[in-house]
Amino acid sequence: MKAVIQDRYGSADVLEFRDVDRPVPAADEVLVRVHAASVNAYDWHLMHGDPVIGRAMMGLRRPKAPVRGRDFAGVVESVGSGVTGIGPGDEVYGEADGAFAEYVCAKDGMVGPKPANLTFEQAAAIPLAGNTALIGLRDVAGVRGGQTVLVNGASGGVGTFAVQLGKAFGAEVTAVCSTRNVELVRSLGADHVIDYRQEDFTRAGRRYDVVLDLVGNHSLAGFRRALTPTGTLVLSGGGVYEGGSVVGPMGLFFRRRLAAPFARQRLLELPARQSRANLAVLRELAEAGKIAPVVERTYPLSEAAEAIRYVEVEHARAKVVVTV
């Protein structure tokens, strides 16, 4: 099968489009014929091995998973002996390393039925970004009706879902983005929009019950100024590639950990947790019309390296999708 392979850390030039063996599903895995996969910041972080401190988990000299790509939508080809509830021919979506390929093996618990009202390209845009936004707002921040929520980085992949989820949960949502994306986030339901080129929300004087940060472009003190006295800050990192770093967003996370025990405000980090249950929630929201993926561009699988290059440096709006 064809796949996008990485044998060393570096720029998009290290990615090769070549033939590899088709994966064989383990007992708890599903083999999916990929129709579409989307690009995330996760992909360029792994491609560069950035931040350097993260290579202890990524792989010291090269990524542990050689095929790039993380989330996908496609049709089940076969399933392992221990898999139930999913079978060959089912249309599914989910998360697994190695999605930039004609076939991918995914753990049973990280695959779910595709939203019936979405194309494969639209469905592939949801898993990682939608799950991140869902966990950040529902599980970590506990957003509820009537609260004020600010999303920093609202026009990105996670941000576009966070704006829609915030509204679905009954919150008043303020979206922070660049000038060119103001109308986009308004179309997603944002009650207020702040153009960060014109205004610094950390110094504007307004306070929010929840701040979901997806960029990491302000100090911890700045974020806390934008919170109510008992408000919640959720940090998730993000941003674009700026030449590499030793600690990257982890520096902000370290400062949060030092300050959190002494603060009335809740200073939290967004964990990475995937589950079929969350995919089911996202599917239901999509089928109910409460969330809709925004796809800015599509690239064929053979040009996946260019898709990653675009996302890592160009402040891509919403999602970029690779078609297979």
# chains A, B, ... in the order shown; residues from 1 in each chain; ligands from 1
>>> select_by_dssp(residues="stretch 57-187 of chain A", states="strand (DSSP E or B)", output="PyMOL selection string")
chain A and resi 67+71-79+91-95+101+103-107+111-113+148-152+172-177
>>> residues_around(residues="A:Ile194", least_positions_apart="6", cutoff="9 Å", atoms="only C-alpha atoms", output="list in words")
Thr174, Ala175, Val176, Cys177, Ser178, Thr179, Val182, Asp200 and Phe201 of chain A
>>> write_last_selection(atoms="N, CA, C and O atoms", output="tab-separated table (two decimals), in the first residue's frame")
chain	number	residue	atom	x	y	z
A	174	THR	N	-16.95	33.98	23.35
A	174	THR	CA	-16.11	35.00	22.71
A	174	THR	C	-14.98	34.29	21.99
A	174	THR	O	-14.28	33.47	22.58
A	175	ALA	N	-14.82	34.61	20.72
A	175	ALA	CA	-13.81	33.96	19.89
A	175	ALA	C	-12.68	34.93	19.59
A	175	ALA	O	-12.93	36.07	19.20
A	176	VAL	N	-11.44	34.48	19.77
A	176	VAL	CA	-10.27	35.29	19.46
A	176	VAL	C	-9.62	34.71	18.20
A	176	VAL	O	-9.30	33.52	18.15
A	177	CYS	N	-9.42	35.56	17.19
A	177	CYS	CA	-8.85	35.10	15.93
A	177	CYS	C	-8.25	36.30	15.20
A	177	CYS	O	-8.28	37.42	15.69
A	178	SER	N	-7.70	36.05	14.01
A	178	SER	CA	-7.14	37.14	13.20
A	178	SER	C	-8.23	37.79	12.36
A	178	SER	O	-9.35	37.27	12.24
A	179	THR	N	-7.89	38.92	11.75
A	179	THR	CA	-8.86	39.70	10.99
A	179	THR	C	-9.56	38.87	9.91
A	179	THR	O	-10.78	38.93	9.75
A	182	VAL	N	-12.60	36.57	11.16
A	182	VAL	CA	-13.69	37.11	11.98
A	182	VAL	C	-15.04	36.59	11.50
A	182	VAL	O	-15.87	36.11	12.30
A	200	ASP	N	-5.81	43.14	22.65
A	200	ASP	CA	-5.25	42.09	23.51
A	200	ASP	C	-6.29	41.75	24.58
A	200	ASP	O	-6.56	42.56	25.47
A	201	PHE	N	-6.91	40.59	24.46
A	201	PHE	CA	-8.00	40.25	25.40
A	201	PHE	C	-7.51	40.16	26.84
A	201	PHE	O	-8.31	40.30	27.77
>>> closest_atom_pairs(of="stretch 118-191 of chain A", to="stretch 58-82 of chain A", cutoff="10 Å", atoms="only C-alpha atoms", output="Markdown table")
| residue | atom | partner | partner_atom | distance |
| --- | --- | --- | --- | --- |
| A:Thr119 | CA | A:Ala73 | CA | 8.9 |
| A:Phe120 | CA | A:Ala73 | CA | 5.4 |
| A:Glu121 | CA | A:Ala73 | CA | 7.3 |
| A:Gln122 | CA | A:Ala73 | CA | 8.6 |
| A:Ala123 | CA | A:Ala73 | CA | 6.0 |
| A:Ala124 | CA | A:Phe72 | CA | 4.6 |
| A:Ala125 | CA | A:Asp71 | CA | 7.5 |
| A:Ile126 | CA | A:Asp71 | CA | 7.9 |
| A:Pro127 | CA | A:Asp71 | CA | 6.0 |
| A:Leu128 | CA | A:Asp71 | CA | 6.3 |
| A:Ala129 | CA | A:Asp71 | CA | 9.1 |
>>> write_last_selection(atoms="C-alpha atoms", output="JSON list (two decimals), in the first residue's frame")
[["chain", "number", "residue", "atom", "x", "y", "z"],
["A", 119, "THR", "CA", -18.81, 12.98, 3.77],
["A", 120, "PHE", "CA", -15.65, 11.03, 4.54],
["A", 121, "GLU", "CA", -13.66, 14.28, 4.16],
["A", 122, "GLN", "CA", -15.86, 16.09, 6.70],
["A", 123, "ALA", "CA", -15.88, 13.16, 9.12],
["A", 124, "ALA", "CA", -12.08, 12.85, 9.02],
["A", 125, "ALA", "CA", -11.84, 16.45, 10.26],
["A", 126, "ILE", "CA", -13.57, 15.66, 13.55],
["A", 127, "PRO", "CA", -11.83, 13.02, 15.72],
["A", 128, "LEU", "CA", -8.73, 14.63, 17.21],
["A", 129, "ALA", "CA", -9.85, 18.27, 17.04]]
>>> residues_around(residues="A:Val104", least_positions_apart="4", cutoff="7 Å", atoms="only C-alpha atoms", output="PyMOL selection string")
chain A and resi 23+31-34+98-99
>>> atom_distance(atom1="atom CA of A:Arg317", atom2="atom CA of A:Arg256")
28.0 Å
>>> atom_distance(atom1="atom CA of A:Gly94", atom2="atom CA of A:Ser236")
20.5 Å
>>> residues_around(residues="A:Glu303", least_positions_apart="6", cutoff="12 Å", atoms="only C-alpha atoms", output="list in words")
Ala3, Val4, Ala12, Asp13, Leu15, Glu16, Phe17, Arg18, Val39, Phe100, Ala101, Arg309, Tyr310, Val320, Val321, Val322, Thr323 and Val324 of chain A
>>> closest_residue(among="A:Ala305, A:Ala318, A:Glu29, A:Arg283", to="A:Ala162", atoms="only C-alpha atoms")
A:Ala318
>>> atom_distance(atom1="atom CA of A:Asp21", atom2="atom CA of A:Met57")
25.1 Å
>>> residues_around(residues="A:Asn181", least_positions_apart="4", cutoff="9 Å", atoms="only C-alpha atoms", output="ChimeraX atom specification")
/A:154-155,177,185-186,195,317
>>> residues_around(residues="A:Leu150", least_positions_apart="3", cutoff="7 Å", atoms="only C-alpha atoms", output="MDAnalysis selection string")
chainID A and resid 173:175 208 210:212
>>> write_last_selection(atoms="C-alpha atoms", output="JSON list (two decimals), in the first residue's frame")
[["chain", "number", "residue", "atom", "x", "y", "z"],
["A", 173, "VAL", "CA", -18.80, 32.46, 23.57],
["A", 174, "THR", "CA", -16.11, 35.00, 22.71],
["A", 175, "ALA", "CA", -13.81, 33.96, 19.89],
["A", 208, "TYR", "CA", -14.56, 35.19, 31.64],
["A", 210, "VAL", "CA", -13.63, 29.90, 31.23],
["A", 211, "VAL", "CA", -10.64, 30.61, 29.00],
["A", 212, "LEU", "CA", -9.68, 27.79, 26.62]]
>>> closest_residue(among="A:Val311, A:Ala56, A:Val30, A:Ala36", to="A:Gly89", atoms="only C-alpha atoms")
A:Val30
>>> closest_residue(among="A:Arg144, A:His35, A:His48, A:Lys167", to="A:Leu285", atoms="only C-alpha atoms")
A:Lys167
>>> closest_residue(among="A:Leu220, A:Leu235, A:Ala286, A:Met1", to="A:Val140", atoms="only C-alpha atoms")
A:Leu235
>>> closest_residue(among="A:Asn117, A:Thr160, A:Thr228, A:Asn217", to="A:Gln265", atoms="only C-alpha atoms")
A:Thr228
>>> decode(residues="stretch 292-303 of chain A", atoms="all heavy atoms", output="PDB file, in the first residue's frame")
ATOM      1  N   ALA A 292     -20.434  21.331  12.936  1.00  0.00           N
ATOM      2  CA  ALA A 292     -20.182  21.054  11.520  1.00  0.00           C
ATOM      3  C   ALA A 292     -18.712  21.320  11.234  1.00  0.00           C
ATOM      4  O   ALA A 292     -18.203  22.401  11.542  1.00  0.00           O
ATOM      5  CB  ALA A 292     -21.054  21.941  10.635  1.00  0.00           C
ATOM      6  N   PRO A 293     -17.986  20.347  10.692  1.00  0.00           N
ATOM      7  CA  PRO A 293     -16.577  20.556  10.371  1.00  0.00           C
ATOM      8  C   PRO A 293     -16.430  21.625   9.294  1.00  0.00           C
ATOM      9  O   PRO A 293     -17.252  21.706   8.369  1.00  0.00           O
ATOM     10  CB  PRO A 293     -16.110  19.195   9.839  1.00  0.00           C
ATOM     11  CG  PRO A 293     -17.187  18.231  10.210  1.00  0.00           C
ATOM     12  CD  PRO A 293     -18.457  19.004  10.313  1.00  0.00           C
ATOM     13  N   VAL A 294     -15.399  22.435   9.425  1.00  0.00           N
ATOM     14  CA  VAL A 294     -15.056  23.416   8.394  1.00  0.00           C
ATOM     15  C   VAL A 294     -13.751  22.959   7.751  1.00  0.00           C
ATOM     16  O   VAL A 294     -12.721  22.876   8.424  1.00  0.00           O
ATOM     17  CB  VAL A 294     -14.890  24.826   8.994  1.00  0.00           C
ATOM     18  CG1 VAL A 294     -14.526  25.825   7.902  1.00  0.00           C
ATOM     19  CG2 VAL A 294     -16.169  25.258   9.707  1.00  0.00           C
ATOM     20  N   VAL A 295     -13.781  22.645   6.481  1.00  0.00           N
ATOM     21  CA  VAL A 295     -12.596  22.173   5.764  1.00  0.00           C
ATOM     22  C   VAL A 295     -12.115  23.284   4.835  1.00  0.00           C
ATOM     23  O   VAL A 295     -12.828  23.676   3.904  1.00  0.00           O
ATOM     24  CB  VAL A 295     -12.904  20.895   4.959  1.00  0.00           C
ATOM     25  CG1 VAL A 295     -11.668  20.454   4.169  1.00  0.00           C
ATOM     26  CG2 VAL A 295     -13.369  19.782   5.891  1.00  0.00           C
ATOM     27  N   GLU A 296     -10.917  23.789   5.097  1.00  0.00           N
ATOM     28  CA  GLU A 296     -10.383  24.883   4.282  1.00  0.00           C
ATOM     29  C   GLU A 296      -9.805  24.382   2.968  1.00  0.00           C
ATOM     30  O   GLU A 296     -10.046  24.949   1.905  1.00  0.00           O
ATOM     31  CB  GLU A 296      -9.295  25.641   5.046  1.00  0.00           C
ATOM     32  CG  GLU A 296      -8.724  26.792   4.216  1.00  0.00           C
ATOM     33  CD  GLU A 296      -7.487  27.425   4.828  1.00  0.00           C
ATOM     34  OE1 GLU A 296      -6.929  26.863   5.783  1.00  0.00           O
ATOM     35  OE2 GLU A 296      -7.076  28.484   4.323  1.00  0.00           O
ATOM     36  N   ARG A 297      -9.022  23.300   3.029  1.00  0.00           N
ATOM     37  CA  ARG A 297      -8.352  22.785   1.838  1.00  0.00           C
ATOM     38  C   ARG A 297      -8.311  21.267   1.884  1.00  0.00           C
ATOM     39  O   ARG A 297      -8.351  20.671   2.956  1.00  0.00           O
ATOM     40  CB  ARG A 297      -6.904  23.289   1.757  1.00  0.00           C
ATOM     41  CG  ARG A 297      -6.737  24.770   1.545  1.00  0.00           C
ATOM     42  CD  ARG A 297      -5.270  25.098   1.284  1.00  0.00           C
ATOM     43  NE  ARG A 297      -5.067  26.524   1.093  1.00  0.00           N
ATOM     44  CZ  ARG A 297      -3.940  27.063   0.630  1.00  0.00           C
ATOM     45  NH1 ARG A 297      -2.912  26.271   0.330  1.00  0.00           N
ATOM     46  NH2 ARG A 297      -3.839  28.368   0.477  1.00  0.00           N
ATOM     47  N   THR A 298      -8.190  20.666   0.709  1.00  0.00           N
ATOM     48  CA  THR A 298      -7.935  19.232   0.615  1.00  0.00           C
ATOM     49  C   THR A 298      -6.717  18.997  -0.270  1.00  0.00           C
ATOM     50  O   THR A 298      -6.460  19.775  -1.196  1.00  0.00           O
ATOM     51  CB  THR A 298      -9.140  18.466   0.036  1.00  0.00           C
ATOM     52  OG1 THR A 298      -9.416  18.949  -1.284  1.00  0.00           O
ATOM     53  CG2 THR A 298     -10.365  18.622   0.912  1.00  0.00           C
ATOM     54  N   TYR A 299      -5.976  17.949   0.032  1.00  0.00           N
ATOM     55  CA  TYR A 299      -4.802  17.542  -0.735  1.00  0.00           C
ATOM     56  C   TYR A 299      -4.900  16.046  -0.986  1.00  0.00           C
ATOM     57  O   TYR A 299      -5.402  15.307  -0.127  1.00  0.00           O
ATOM     58  CB  TYR A 299      -3.510  17.795   0.057  1.00  0.00           C
ATOM     59  CG  TYR A 299      -3.139  19.231   0.293  1.00  0.00           C
ATOM     60  CD1 TYR A 299      -3.768  19.982   1.294  1.00  0.00           C
ATOM     61  CD2 TYR A 299      -2.116  19.844  -0.434  1.00  0.00           C
ATOM     62  CE1 TYR A 299      -3.406  21.296   1.540  1.00  0.00           C
ATOM     63  CE2 TYR A 299      -1.737  21.160  -0.193  1.00  0.00           C
ATOM     64  CZ  TYR A 299      -2.393  21.877   0.789  1.00  0.00           C
ATOM     65  OH  TYR A 299      -2.028  23.183   1.043  1.00  0.00           O
ATOM     66  N   PRO A 300      -4.391  15.559  -2.127  1.00  0.00           N
ATOM     67  CA  PRO A 300      -4.320  14.099  -2.305  1.00  0.00           C
ATOM     68  C   PRO A 300      -3.256  13.513  -1.397  1.00  0.00           C
ATOM     69  O   PRO A 300      -2.343  14.227  -0.946  1.00  0.00           O
ATOM     70  CB  PRO A 300      -3.951  13.951  -3.784  1.00  0.00           C
ATOM     71  CG  PRO A 300      -3.232  15.213  -4.129  1.00  0.00           C
ATOM     72  CD  PRO A 300      -3.891  16.289  -3.302  1.00  0.00           C
ATOM     73  N   LEU A 301      -3.336  12.209  -1.140  1.00  0.00           N
ATOM     74  CA  LEU A 301      -2.382  11.550  -0.253  1.00  0.00           C
ATOM     75  C   LEU A 301      -0.939  11.778  -0.693  1.00  0.00           C
ATOM     76  O   LEU A 301      -0.057  11.959   0.151  1.00  0.00           O
ATOM     77  CB  LEU A 301      -2.680  10.049  -0.198  1.00  0.00           C
ATOM     78  CG  LEU A 301      -1.762   9.192   0.682  1.00  0.00           C
ATOM     79  CD1 LEU A 301      -1.841   9.636   2.137  1.00  0.00           C
ATOM     80  CD2 LEU A 301      -2.131   7.711   0.548  1.00  0.00           C
ATOM     81  N   SER A 302      -0.694  11.786  -1.982  1.00  0.00           N
ATOM     82  CA  SER A 302       0.670  11.976  -2.490  1.00  0.00           C
ATOM     83  C   SER A 302       1.237  13.342  -2.128  1.00  0.00           C
ATOM     84  O   SER A 302       2.455  13.550  -2.189  1.00  0.00           O
ATOM     85  CB  SER A 302       0.705  11.789  -4.010  1.00  0.00           C
ATOM     86  OG  SER A 302      -0.160  12.724  -4.649  1.00  0.00           O
ATOM     87  N   GLU A 303       0.370  14.295  -1.744  1.00  0.00           N
ATOM     88  CA  GLU A 303       0.822  15.649  -1.389  1.00  0.00           C
ATOM     89  C   GLU A 303       0.611  15.934   0.094  1.00  0.00           C
ATOM     90  O   GLU A 303       0.516  17.086   0.513  1.00  0.00           O
ATOM     91  CB  GLU A 303       0.081  16.684  -2.240  1.00  0.00           C
ATOM     92  CG  GLU A 303       0.373  16.565  -3.728  1.00  0.00           C
ATOM     93  CD  GLU A 303      -0.416  17.569  -4.561  1.00  0.00           C
ATOM     94  OE1 GLU A 303      -0.966  18.534  -3.975  1.00  0.00           O
ATOM     95  OE2 GLU A 303      -0.486  17.388  -5.787  1.00  0.00           O
TER      96      GLU A 303
END
